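One file, upload-v9.pdb, carrying PDB, C-alpha atoms:
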```
ATOM      1  CA  MET U 820      37.236  33.800  91.987
ATOM      2  CA  SER U 821      40.040  34.636  89.596
ATOM      3  CA  ASP U 822      42.600  32.128  88.327
ATOM      4  CA  MET U 823      45.209  33.420  90.770
ATOM      5  CA  GLU U 824      42.864  32.923  93.717
ATOM      6  CA  HIS U 825      42.887  29.217  92.894
ATOM      7  CA  GLN U 826      46.643  28.986  93.364
ATOM      8  CA  SER U 827      48.236  28.475  96.773
ATOM      9  CA  GLY U 828      51.699  29.938  96.302
ATOM     10  CA  ASN U 829      53.061  27.943  93.386
ATOM     11  CA  ILE U 830      50.782  24.971  94.026
ATOM     12  CA  PRO U 831      47.597  24.828  91.912
ATOM     13  CA  HIS U 832      44.170  23.953  93.242
ATOM     14  CA  LEU U 833      43.247  20.554  91.783
ATOM     15  CA  ASN U 834      39.817  19.540  90.516
ATOM     16  CA  SER U 835      38.196  16.427  89.140
ATOM     17  CA  LEU U 836      34.758  15.182  88.157
ATOM     18  CA  TRP U 837      33.322  11.857  89.270
ATOM     19  CA  VAL U 838      30.314  10.415  87.461
ATOM     20  CA  GLY U 839      29.006   7.428  89.374
ATOM     21  CA  PRO U 840      27.593   6.475  92.781
ATOM     22  CA  ARG U 841      30.783   5.512  94.644
ATOM     23  CA  LEU U 842      34.529   6.066  94.921
ATOM     24  CA  ASN U 843      36.763   2.997  94.743
ATOM     25  CA  TYR U 844      39.962   2.754  96.788
ATOM     26  CA  LEU U 845      41.975   4.017  93.793
ATOM     27  CA  GLU U 846      39.980   7.269  93.768
ATOM     28  CA  ARG U 847      40.435   7.581  97.538
ATOM     29  CA  LEU U 848      44.162   7.019  97.020
ATOM     30  CA  CYS U 849      44.140   9.866  94.501
ATOM     31  CA  LEU U 850      42.485  12.240  96.991
ATOM     32  CA  ALA U 851      44.651  11.194  99.942
ATOM     33  CA  SER U 852      47.923  11.532  98.023
ATOM     34  CA  ALA U 853      46.938  14.964  96.663
ATOM     35  CA  LYS U 854      46.184  16.181 100.166
ATOM     36  CA  GLN U 855      49.434  14.841 101.601
ATOM     37  CA  THR U 856      51.478  16.513  98.868
ATOM     38  CA  GLY U 857      49.983  19.885  99.803
ATOM     39  CA  HIS U 858      47.244  20.329  97.213
ATOM     40  CA  GLU U 859      43.755  21.592  97.839
ATOM     41  CA  PHE U 860      41.380  19.364  95.881
ATOM     42  CA  THR U 861      37.757  19.874  94.857
ATOM     43  CA  LEU U 862      35.780  16.824  93.791
ATOM     44  CA  TRP U 863      32.809  17.647  91.584
ATOM     45  CA  SER U 864      29.715  15.449  91.207
ATOM     46  CA  TYR U 865      26.270  15.837  89.673
ATOM     47  CA  ASP U 866      24.892  14.084  92.768
ATOM     48  CA  PRO U 867      27.205  15.326  95.538
ATOM     49  CA  ASP U 868      24.869  14.492  98.431
ATOM     50  CA  ASN U 869      24.657  10.814  97.499
ATOM     51  CA  LEU U 870      28.245  10.058  96.507
ATOM     52  CA  ASP U 871      29.559   7.155  98.616
ATOM     53  CA  GLY U 872      33.130   6.457  99.648
ATOM     54  CA  VAL U 873      34.196  10.094  99.923
ATOM     55  CA  PRO U 874      36.880  10.610 102.599
ATOM     56  CA  ALA U 875      35.901  12.899 105.466
ATOM     57  CA  GLY U 876      36.936  16.493 104.897
ATOM     58  CA  THR U 877      36.833  16.281 101.106
ATOM     59  CA  ASP U 878      35.562  19.398  99.343
ATOM     60  CA  VAL U 879      32.676  18.107  97.189
ATOM     61  CA  ARG U 880      30.720  20.485  94.966
ATOM     62  CA  ASP U 881      27.890  20.302  92.450
ATOM     63  CA  ALA U 882      29.288  19.816  88.938
ATOM     64  CA  ALA U 883      26.328  21.726  87.500
ATOM     65  CA  GLU U 884      28.031  24.909  88.750
ATOM     66  CA  VAL U 885      30.598  24.339  86.006
ATOM     67  CA  MET U 886      28.458  22.871  83.213
ATOM     68  CA  PRO U 887      24.771  21.870  83.057
ATOM     69  CA  GLN U 888      24.280  18.108  83.215
ATOM     70  CA  GLU U 889      22.510  18.196  79.843
ATOM     71  CA  ARG U 890      25.888  18.984  78.283
ATOM     72  CA  LEU U 891      27.495  15.918  79.874
ATOM     73  CA  LEU U 892      27.346  14.155  76.528
ATOM     74  CA  ARG U 893      27.962  10.429  76.049
ATOM     75  CA  TYR U 894      29.380   8.740  72.977
ATOM     76  CA  ARG U 895      26.420   7.177  71.238
ATOM     77  CA  ASP U 896      28.091   3.881  70.339
ATOM     78  CA  SER U 897      29.575   3.069  73.757
ATOM     79  CA  GLY U 898      27.551   5.195  76.153
ATOM     80  CA  SER U 899      30.857   6.468  77.570
ATOM     81  CA  VAL U 900      30.651   9.723  79.513
ATOM     82  CA  ALA U 901      34.263  10.485  78.537
ATOM     83  CA  LEU U 902      32.984  12.945  75.915
ATOM     84  CA  GLY U 903      31.130  15.008  78.508
ATOM     85  CA  ALA U 904      34.037  14.825  80.940
ATOM     86  CA  ASN U 905      36.369  16.196  78.263
ATOM     87  CA  LEU U 906      34.051  19.148  77.652
ATOM     88  CA  TRP U 907      33.558  19.654  81.410
ATOM     89  CA  ARG U 908      37.269  20.130  82.164
ATOM     90  CA  ILE U 909      37.475  22.808  79.488
ATOM     91  CA  GLU U 910      34.594  24.700  81.127
ATOM     92  CA  LEU U 911      36.339  24.341  84.496
ATOM     93  CA  MET U 912      39.353  26.209  83.117
ATOM     94  CA  ALA U 913      37.178  28.762  81.339
ATOM     95  CA  LYS U 914      35.694  29.650  84.736
ATOM     96  CA  GLY U 915      39.160  30.037  86.287
ATOM     97  CA  LEU U 916      38.603  27.308  88.866
ATOM     98  CA  GLY U 917      42.070  25.746  88.795
ATOM     99  CA  CYS U 918      43.810  22.686  87.423
ATOM    100  CA  TRP U 919      42.071  19.575  86.127
ATOM    101  CA  VAL U 920      43.416  16.126  87.016
ATOM    102  CA  ASP U 921      41.979  12.704  86.283
ATOM    103  CA  MET U 922      40.928  10.698  89.337
ATOM    104  CA  ASP U 923      43.435   7.935  88.611
ATOM    105  CA  PHE U 924      46.620   9.668  89.739
ATOM    106  CA  ILE U 925      48.890   8.981  92.686
ATOM    107  CA  PHE U 926      50.567  12.232  93.697
ATOM    108  CA  LEU U 927      54.169  11.895  94.869
ATOM    109  CA  LYS U 928      55.313  15.534  94.946
ATOM    110  CA  PRO U 929      53.519  18.887  94.624
ATOM    111  CA  PHE U 930      52.934  20.479  91.233
ATOM    112  CA  ASP U 931      55.084  23.444  92.255
ATOM    113  CA  PHE U 932      56.059  24.613  88.771
ATOM    114  CA  GLY U 933      54.715  28.146  89.229
ATOM    115  CA  SER U 934      53.600  28.212  85.600
ATOM    116  CA  ASN U 935      50.542  29.754  83.932
ATOM    117  CA  TYR U 936      50.224  26.545  81.907
ATOM    118  CA  LEU U 937      50.371  22.990  83.124
ATOM    119  CA  PHE U 938      50.216  19.867  80.966
ATOM    120  CA  GLY U 939      52.519  17.025  80.089
ATOM    121  CA  LEU U 940      53.743  14.868  77.249
ATOM    122  CA  GLU U 941      52.582  11.261  77.305
ATOM    123  CA  TYR U 942      55.206  10.625  74.632
ATOM    124  CA  GLU U 943      57.020  12.751  72.094
ATOM    125  CA  GLY U 944      54.633  15.116  70.310
ATOM    126  CA  TRP U 945      51.515  13.939  72.162
ATOM    127  CA  ILE U 946      49.961  15.751  75.144
ATOM    128  CA  ASN U 947      47.698  13.751  77.453
ATOM    129  CA  ASN U 948      44.741  15.687  78.874
ATOM    130  CA  ALA U 949      44.756  13.997  82.300
ATOM    131  CA  VAL U 950      46.522  17.071  83.746
ATOM    132  CA  ILE U 951      45.622  20.432  82.277
ATOM    133  CA  TYR U 952      45.659  24.016  83.421
ATOM    134  CA  ALA U 953      45.608  27.246  81.425
ATOM    135  CA  PRO U 954      44.445  30.803  82.158
ATOM    136  CA  SER U 955      40.715  31.261  81.643
ATOM    137  CA  ASP U 956      41.212  34.138  79.186
ATOM    138  CA  SER U 957      43.927  32.388  77.142
ATOM    139  CA  ALA U 958      43.681  31.645  73.446
ATOM    140  CA  LEU U 959      44.258  27.990  74.330
ATOM    141  CA  VAL U 960      41.088  27.756  76.420
ATOM    142  CA  HIS U 961      39.157  29.648  73.740
ATOM    143  CA  ASP U 962      40.284  27.137  71.119
ATOM    144  CA  LEU U 963      39.447  24.181  73.347
ATOM    145  CA  GLN U 964      35.933  25.577  73.774
ATOM    146  CA  THR U 965      35.282  26.394  70.132
ATOM    147  CA  ILE U 966      37.031  23.687  68.092
ATOM    148  CA  PRO U 967      34.627  20.830  69.058
ATOM    149  CA  THR U 968      31.864  21.635  66.563
ATOM    150  CA  PRO U 969      29.221  19.170  65.333
ATOM    151  CA  ASN U 970      29.361  18.079  61.702
ATOM    152  CA  THR U 971      32.912  19.405  61.276
ATOM    153  CA  VAL U 972      36.146  17.517  60.634
ATOM    154  CA  PRO U 973      38.575  17.869  63.561
ATOM    155  CA  PRO U 974      41.531  19.839  62.128
ATOM    156  CA  TRP U 975      44.141  17.346  63.349
ATOM    157  CA  TRP U 976      42.655  14.405  61.440
ATOM    158  CA  GLY U 977      44.597  13.021  58.503
ATOM    159  CA  PRO U 978      43.316  12.289  54.961
ATOM    160  CA  LYS U 979      41.941   8.805  55.680
ATOM    161  CA  ARG U 980      39.877   9.863  58.696
ATOM    162  CA  ARG U 981      38.655  12.939  56.827
ATOM    163  CA  LEU U 982      37.507  10.825  53.902
ATOM    164  CA  LYS U 983      35.739   8.394  56.241
ATOM    165  CA  PHE U 984      34.031  11.327  57.987
ATOM    166  CA  TYR U 985      32.773  12.872  54.732
ATOM    167  CA  TRP U 986      31.507   9.490  53.544
ATOM    168  CA  GLN U 987      29.646   8.953  56.847
ATOM    169  CA  ARG U 988      28.137  12.434  56.619
ATOM    170  CA  PHE U 989      27.062  11.799  53.036
ATOM    171  CA  ARG U 990      25.375   8.501  53.976
ATOM    172  CA  GLU U 991      23.915   9.381  57.383
ATOM    173  CA  GLY U 992      23.455  13.137  57.432
ATOM    174  CA  PRO U 993      24.699  15.647  60.026
ATOM    175  CA  ILE U 994      27.111  14.218  62.612
ATOM    176  CA  GLU U 995      26.674  15.277  66.236
ATOM    177  CA  LEU U 996      29.488  15.325  68.805
ATOM    178  CA  GLU U 997      28.081  12.107  70.290
ATOM    179  CA  ASP U 998      28.671  10.331  66.952
ATOM    180  CA  TYR U 999      32.410  10.970  66.710
ATOM    181  CA  PRO U1000      34.834   8.136  67.569
ATOM    182  CA  TRP U1001      35.642   7.641  71.240
ATOM    183  CA  GLY U1002      38.370   9.975  72.467
ATOM    184  CA  THR U1003      38.120  12.445  69.579
ATOM    185  CA  PHE U1004      37.932  15.489  71.840
ATOM    186  CA  SER U1005      40.521  14.459  74.415
ATOM    187  CA  ALA U1006      44.293  14.307  73.917
ATOM    188  CA  GLY U1007      44.090  14.914  70.163
ATOM    189  CA  LEU U1008      42.164  18.152  70.654
ATOM    190  CA  LEU U1009      44.499  19.340  73.410
ATOM    191  CA  THR U1010      47.656  18.477  71.465
ATOM    192  CA  HIS U1011      46.358  20.293  68.378
ATOM    193  CA  ALA U1012      45.369  23.413  70.333
ATOM    194  CA  ILE U1013      48.687  23.531  72.213
ATOM    195  CA  LYS U1014      50.684  23.260  68.988
ATOM    196  CA  LYS U1015      48.434  25.836  67.296
ATOM    197  CA  ASN U1016      49.182  28.304  70.088
ATOM    198  CA  GLY U1017      52.926  27.638  70.123
ATOM    199  CA  LEU U1018      52.896  26.185  73.644
ATOM    200  CA  ILE U1019      54.389  22.735  73.059
ATOM    201  CA  ASP U1020      57.647  23.841  74.708
ATOM    202  CA  ARG U1021      55.666  24.410  77.948
ATOM    203  CA  ALA U1022      54.859  20.697  78.206
ATOM    204  CA  GLN U1023      56.364  18.699  81.059
ATOM    205  CA  SER U1024      58.400  15.654  80.018
ATOM    206  CA  PRO U1025      56.714  12.202  80.093
ATOM    207  CA  ASP U1026      58.346  11.180  83.387
ATOM    208  CA  ILE U1027      56.637  14.020  85.283
ATOM    209  CA  PHE U1028      53.024  12.756  85.077
ATOM    210  CA  TYR U1029      53.169   9.598  82.941
ATOM    211  CA  PRO U1030      56.222   7.562  84.010
ATOM    212  CA  VAL U1031      54.117   4.409  83.635
ATOM    213  CA  ARG U1032      53.012   4.117  80.025
ATOM    214  CA  TYR U1033      49.519   2.981  79.046
ATOM    215  CA  LYS U1034      50.882  -0.330  77.771
ATOM    216  CA  ASP U1035      52.617  -0.937  81.112
ATOM    217  CA  ALA U1036      49.675  -0.111  83.411
ATOM    218  CA  LEU U1037      49.372  -3.668  84.752
ATOM    219  CA  ALA U1038      52.797  -3.207  86.340
ATOM    220  CA  LEU U1039      51.043  -1.183  89.050
ATOM    221  CA  TYR U1040      49.837  -4.502  90.464
ATOM    222  CA  GLU U1041      53.255  -6.120  90.201
ATOM    223  CA  PRO U1042      56.064  -5.878  92.806
ATOM    224  CA  ALA U1043      56.674  -2.236  93.711
ATOM    225  CA  GLU U1044      60.226  -2.164  92.377
ATOM    226  CA  VAL U1045      58.926  -2.661  88.807
ATOM    227  CA  VAL U1046      57.167   0.729  88.869
ATOM    228  CA  GLU U1047      59.816   2.364  91.046
ATOM    229  CA  ALA U1048      62.299   1.684  88.245
ATOM    230  CA  MET U1049      60.117   3.752  85.903
ATOM    231  CA  VAL U1050      59.801   6.721  88.261
ATOM    232  CA  THR U1051      62.466   9.457  88.229
ATOM    233  CA  GLU U1052      63.430  11.973  90.894
ATOM    234  CA  ASP U1053      61.452  14.571  88.939
ATOM    235  CA  THR U1054      58.225  12.551  88.801
ATOM    236  CA  ARG U1055      55.336  14.421  90.410
ATOM    237  CA  ALA U1056      52.554  11.867  89.892
ATOM    238  CA  VAL U1057      51.863   8.398  88.538
ATOM    239  CA  HIS U1058      48.923   7.980  86.192
ATOM    240  CA  MET U1059      47.197   4.663  86.873
ATOM    241  CA  TRP U1060      45.306   4.274  83.569
ATOM    242  CA  HIS U1061      42.062   3.224  85.278
ATOM    243  CA  SER U1062      40.580   1.750  82.092
ATOM    244  CA  ARG U1063      43.469  -0.732  81.848
ATOM    245  CA  LEU U1064      42.944  -2.089  85.357
ATOM    246  CA  GLN U1065      39.580  -3.810  84.946
ATOM    247  CA  GLY U1066      39.450  -6.794  87.255
ATOM    248  CA  LEU U1067      42.535  -5.748  89.206
ATOM    249  CA  ARG U1068      41.022  -2.542  90.580
ATOM    250  CA  ASP U1069      37.966  -4.410  91.902
ATOM    251  CA  ALA U1070      39.930  -6.208  94.635
ATOM    252  CA  PRO U1071      42.547  -5.102  97.167
ATOM    253  CA  PRO U1072      46.096  -5.169  95.774
ATOM    254  CA  ALA U1073      48.390  -8.063  96.633
ATOM    255  CA  PRO U1074      50.951  -7.336  99.366
ATOM    256  CA  GLY U1075      54.188  -5.853  98.052
ATOM    257  CA  THR U1076      52.708  -4.449  94.854
ATOM    258  CA  PHE U1077      53.149  -0.789  93.984
ATOM    259  CA  ILE U1078      49.470  -0.047  94.635
ATOM    260  CA  ASP U1079      49.672  -1.805  98.005
ATOM    261  CA  LYS U1080      52.754   0.230  98.921
ATOM    262  CA  MET U1081      51.013   3.481  97.954
ATOM    263  CA  CYS U1082      47.871   2.606  99.923
ATOM    264  CA  ARG U1083      50.065   2.063 102.978
ATOM    265  CA  ARG U1084      52.044   5.250 102.380
ATOM    266  CA  PHE U1085      48.911   7.387 102.128
ATOM    267  CA  ASP U1086      46.865   5.485 104.741
ATOM    268  CA  VAL U1087      44.145   4.226 102.393
ATOM    269  CA  ASP U1088      42.283   1.018 103.278
ATOM    270  CA  PRO U1089      41.662  -0.854  99.993
ATOM    271  CA  THR U1090      39.245  -3.291 101.665
ATOM    272  CA  LEU U1091      36.585  -0.630 102.281
TER     273      LEU U1091
END
```
Can you turn what I pasted into structure tokens?
Amino acid sequence: MSDMEHQSGNIPHLNSLWVGPRLNYLERLCLASAKQTGHEFTLWSYDPDNLDGVPAGTDVRDAAEVMPQERLLRYRDSGSVALGANLWRIELMAKGLGCWVDMDFIFLKPFDFGSNYLFGLEYEGWINNAVIYAPSDSALVHDLQTIPTPNTVPPWWGPKRRLKFYWQRFREGPIELEDYPWGTFSAGLLTHAIKKNGLIDRAQSPDIFYPVRYKDALALYEPAEVVEAMVTEDTRAVHMWHSRLQGLRDAPPAPGTFIDKMCRRFDVDPTL
């Protein structure tokens, strides 16, 4: 299908990748809220037939259709699959399959911007890659595909990181993508490519997708009014910063917290 066939009116088709055996209630909240705000959502998995916790009626497809599992690279030092997931979302766009979103969003309103590009500022000058859409034949997607090159200094790195990279390469030999620091090919890559292509003015303001900042993520498990004070009338989604919620996300939310309120709003049982 073409890019346009993955748009429903002005509302983009959403996609995400899940690597793991089971969806937690936060992932189910993501799916339920997307559906109730009018989005079609495809969940991709490398083991779609054995993925537990998937709500009935969810469109689940084999992630290998987008990128072979051998390319789902992991950072060598941490074993994190974030590297492969960053590359996977770029291939999703290159195939014209719609908009990428992380699985730790709560959708409040539809993404009805009607734009060929969709991404948002986390803070001034910095684009987060948790929401990203661009035309498959755009220069932006081409750059996102080609800039991550083994044994090469990322062009957005400053002098200190460049020097450290060259010293590591001198001591250890060629550096593969798996050997770069965690997160190298995520927001930094996207921000660089967007600025390179003169698209920074297309970015949505921080309150649209990221009204809760990374440092404030624990507020999601505090009384609902704490987060509601951060949300604006223009906010389309709340990013939950899954990695910041270790411990909290493993148990049902306390009554009256923002997460509890959202589970009730979107009819998600956090005890399952």
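The nearest approach to Lys1015 (chain U) among the residues U:Pro967, U:Pro974, U:Pro1089, U:Gly1075, with all atoms listed in the file taken into account, belongs to U:Pro974.
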Point-to-point distance in Å for CA of Cys918 (chain U) and CA of Ile830 (chain U):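 Separation between CA of Ile830 (chain U) and CA of Cys918 (chain U): 9.9 Å.
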List the residues selected by the PyMOL selection byres ((chain U and resi 850-852) around 10) in the file shown, writing them as number ranges by chain. U: 833, 835, 844-849, 853-862, 873-874, 877, 922-929, 1056, 1081-1082, 1084-1087
Go ahead and write the selection's residues with C-alpha atoms as a short mmCIF file (atom, residue, chain, number, x, y, z; two decimals), in the frame of the given file.
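File selection_20.cif, as written:
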```
data_model
loop_
_atom_site.label_atom_id
_atom_site.label_comp_id
_atom_site.auth_asym_id
_atom_site.auth_seq_id
_atom_site.Cartn_x
_atom_site.Cartn_y
_atom_site.Cartn_z
CA LEU U 833 43.25 20.55 91.78
CA SER U 835 38.20 16.43 89.14
CA TYR U 844 39.96 2.75 96.79
CA LEU U 845 41.98 4.02 93.79
CA GLU U 846 39.98 7.27 93.77
CA ARG U 847 40.44 7.58 97.54
CA LEU U 848 44.16 7.02 97.02
CA CYS U 849 44.14 9.87 94.50
CA ALA U 853 46.94 14.96 96.66
CA LYS U 854 46.18 16.18 100.17
CA GLN U 855 49.43 14.84 101.60
CA THR U 856 51.48 16.51 98.87
CA GLY U 857 49.98 19.89 99.80
CA HIS U 858 47.24 20.33 97.21
CA GLU U 859 43.76 21.59 97.84
CA PHE U 860 41.38 19.36 95.88
CA THR U 861 37.76 19.87 94.86
CA LEU U 862 35.78 16.82 93.79
CA VAL U 873 34.20 10.09 99.92
CA PRO U 874 36.88 10.61 102.60
CA THR U 877 36.83 16.28 101.11
CA MET U 922 40.93 10.70 89.34
CA ASP U 923 43.44 7.94 88.61
CA PHE U 924 46.62 9.67 89.74
CA ILE U 925 48.89 8.98 92.69
CA PHE U 926 50.57 12.23 93.70
CA LEU U 927 54.17 11.90 94.87
CA LYS U 928 55.31 15.53 94.95
CA PRO U 929 53.52 18.89 94.62
CA ALA U 1056 52.55 11.87 89.89
CA MET U 1081 51.01 3.48 97.95
CA CYS U 1082 47.87 2.61 99.92
CA ARG U 1084 52.04 5.25 102.38
CA PHE U 1085 48.91 7.39 102.13
CA ASP U 1086 46.86 5.48 104.74
CA VAL U 1087 44.14 4.23 102.39
#
```
Run the PyMOL selection byres ((chain U and resi 890-900) around 10) on the file and write out the hits as a list of chain:residue names. U:Val838, U:Tyr865, U:Ala883, U:Met886, U:Pro887, U:Gln888, U:Glu889, U:Ala901, U:Leu902, U:Gly903, U:Ala904, U:Asn905, U:Leu906, U:Trp907, U:Glu995, U:Leu996, U:Glu997, U:Asp998, U:Tyr999, U:Pro1000, U:Trp1001, U:Gly1002
Compile the contact shell of Val1031 (chain U) as a list in words: residues with an atom at most 9 Å away, counting all atoms listed in the file, same-chain residues fewer than 4 positions apart removed. Pro1025, Asp1026, Asp1035, Ala1036, Ala1038, Leu1039, Val1046, Met1049, Val1050, Val1057, His1058, Met1059 and Trp1060 of chain U
Taking C-alpha atoms for each residue, export the selection above as a compact mmCIF listing (two decimals), keeping the file's coordinate frame.
```txt
# COMPACT_ATOMS: atom_id res chain seq x y z
CA PRO U 1025 56.71 12.20 80.09
CA ASP U 1026 58.35 11.18 83.39
CA ASP U 1035 52.62 -0.94 81.11
CA ALA U 1036 49.68 -0.11 83.41
CA ALA U 1038 52.80 -3.21 86.34
CA LEU U 1039 51.04 -1.18 89.05
CA VAL U 1046 57.17 0.73 88.87
CA MET U 1049 60.12 3.75 85.90
CA VAL U 1050 59.80 6.72 88.26
CA VAL U 1057 51.86 8.40 88.54
CA HIS U 1058 48.92 7.98 86.19
CA MET U 1059 47.20 4.66 86.87
CA TRP U 1060 45.31 4.27 83.57
```
Kindly resolve the PyMOL selection byres ((chain U and resi 870) around 6) on the present coordinates and return the residues as a PyMOL selection string. chain U and resi 840-841+867-869+871
Written file, previous selection with C-alpha atoms, as a compact mmCIF listing (two decimals), keeping the file's coordinate frame:
```txt
# COMPACT_ATOMS: atom_id res chain seq x y z
CA PRO U 840 27.59 6.48 92.78
CA ARG U 841 30.78 5.51 94.64
CA PRO U 867 27.20 15.33 95.54
CA ASP U 868 24.87 14.49 98.43
CA ASN U 869 24.66 10.81 97.50
CA ASP U 871 29.56 7.16 98.62
```
Mind working out the centre and edge lengths of an axis-aligned box for region 1016-1022 of chain U, all listed atoms inside, 3 Å added to each side, rounded to one decimal in Å and written as JSON?
```
{"center_x": 53.4, "center_y": 24.5, "center_z": 74.1, "size_x": 14.5, "size_y": 13.6, "size_z": 14.1}
```
Nearest to Asp921 (chain U): which of U:Leu836, U:Gly939, U:Leu982, U:Asn970 is it, counting all atoms listed in the file?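 Answer, going by the shortest atom-to-atom distance: U:Leu836.
Atom to atom, CA of Arg1021 (chain U) and CA of Gly933 (chain U) stand 11.9 Å apart.
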State, in Å with one decimal place, the distance from CA of Ala913 (chain U) to CA of His832 (chain U).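 That distance, rounded to one decimal, is 14.6 Å.
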With distances taken over all atoms listed in the file, the candidate from U:Trp863, U:Leu1018, U:Arg1063, U:Arg988 nearest Lys1034 (chain U) is U:Arg1063
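Residue nearest Gln1023 (chain U), chosen from U:Glu1052, U:Glu884, U:Glu910, U:Glu941 and counting only C-alpha atoms: U:Glu941.
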With distances taken over all atoms listed in the file, which of U:Leu1064, U:Pro1072, U:Phe932, U:Ile966 is nearest to Ser1005 (chain U)? U:Ile966
Smallest atom-to-atom distance to Ser1062 (chain U): which of U:Leu1037, U:Val885, U:Val1045, U:Ile946, using only C-alpha atoms?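 Smallest separation from Ser1062 (chain U) among the options: U:Leu1037.
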Could you rebuild region 886-897 of chain U with N, CA and C atoms and give me the result as a PDB file, in the frame of the given file?
```pdb
ATOM      1  N   MET U 886      29.098  23.153  84.494  1.00  0.00           N
ATOM      2  CA  MET U 886      28.458  22.871  83.213  1.00  0.00           C
ATOM      3  C   MET U 886      27.148  22.142  83.471  1.00  0.00           C
ATOM      4  N   PRO U 887      26.051  22.564  82.850  1.00  0.00           N
ATOM      5  CA  PRO U 887      24.771  21.870  83.057  1.00  0.00           C
ATOM      6  C   PRO U 887      24.884  20.387  82.696  1.00  0.00           C
ATOM      7  N   GLN U 888      24.178  19.553  83.438  1.00  0.00           N
ATOM      8  CA  GLN U 888      24.280  18.108  83.215  1.00  0.00           C
ATOM      9  C   GLN U 888      23.819  17.712  81.813  1.00  0.00           C
ATOM     10  N   GLU U 889      22.958  18.514  81.206  1.00  0.00           N
ATOM     11  CA  GLU U 889      22.510  18.196  79.843  1.00  0.00           C
ATOM     12  C   GLU U 889      23.677  18.211  78.854  1.00  0.00           C
ATOM     13  N   ARG U 890      24.730  18.927  79.177  1.00  0.00           N
ATOM     14  CA  ARG U 890      25.888  18.984  78.283  1.00  0.00           C
ATOM     15  C   ARG U 890      26.903  17.880  78.573  1.00  0.00           C
ATOM     16  N   LEU U 891      26.600  17.037  79.571  1.00  0.00           N
ATOM     17  CA  LEU U 891      27.495  15.918  79.874  1.00  0.00           C
ATOM     18  C   LEU U 891      27.216  14.803  78.858  1.00  0.00           C
ATOM     19  N   LEU U 892      27.681  15.027  77.647  1.00  0.00           N
ATOM     20  CA  LEU U 892      27.346  14.155  76.528  1.00  0.00           C
ATOM     21  C   LEU U 892      28.031  12.796  76.652  1.00  0.00           C
ATOM     22  N   ARG U 893      27.401  11.785  76.096  1.00  0.00           N
ATOM     23  CA  ARG U 893      27.962  10.429  76.049  1.00  0.00           C
ATOM     24  C   ARG U 893      28.140  10.017  74.592  1.00  0.00           C
ATOM     25  N   TYR U 894      29.215   9.284  74.325  1.00  0.00           N
ATOM     26  CA  TYR U 894      29.380   8.740  72.977  1.00  0.00           C
ATOM     27  C   TYR U 894      28.244   7.773  72.696  1.00  0.00           C
ATOM     28  N   ARG U 895      27.628   7.934  71.533  1.00  0.00           N
ATOM     29  CA  ARG U 895      26.420   7.177  71.238  1.00  0.00           C
ATOM     30  C   ARG U 895      26.674   5.678  71.102  1.00  0.00           C
ATOM     31  N   ASP U 896      27.846   5.306  70.574  1.00  0.00           N
ATOM     32  CA  ASP U 896      28.091   3.881  70.339  1.00  0.00           C
ATOM     33  C   ASP U 896      28.431   3.122  71.625  1.00  0.00           C
ATOM     34  N   SER U 897      29.135   3.769  72.546  1.00  0.00           N
ATOM     35  CA  SER U 897      29.575   3.069  73.757  1.00  0.00           C
ATOM     36  C   SER U 897      28.843   3.506  75.015  1.00  0.00           C
TER      37      SER U 897
END
```
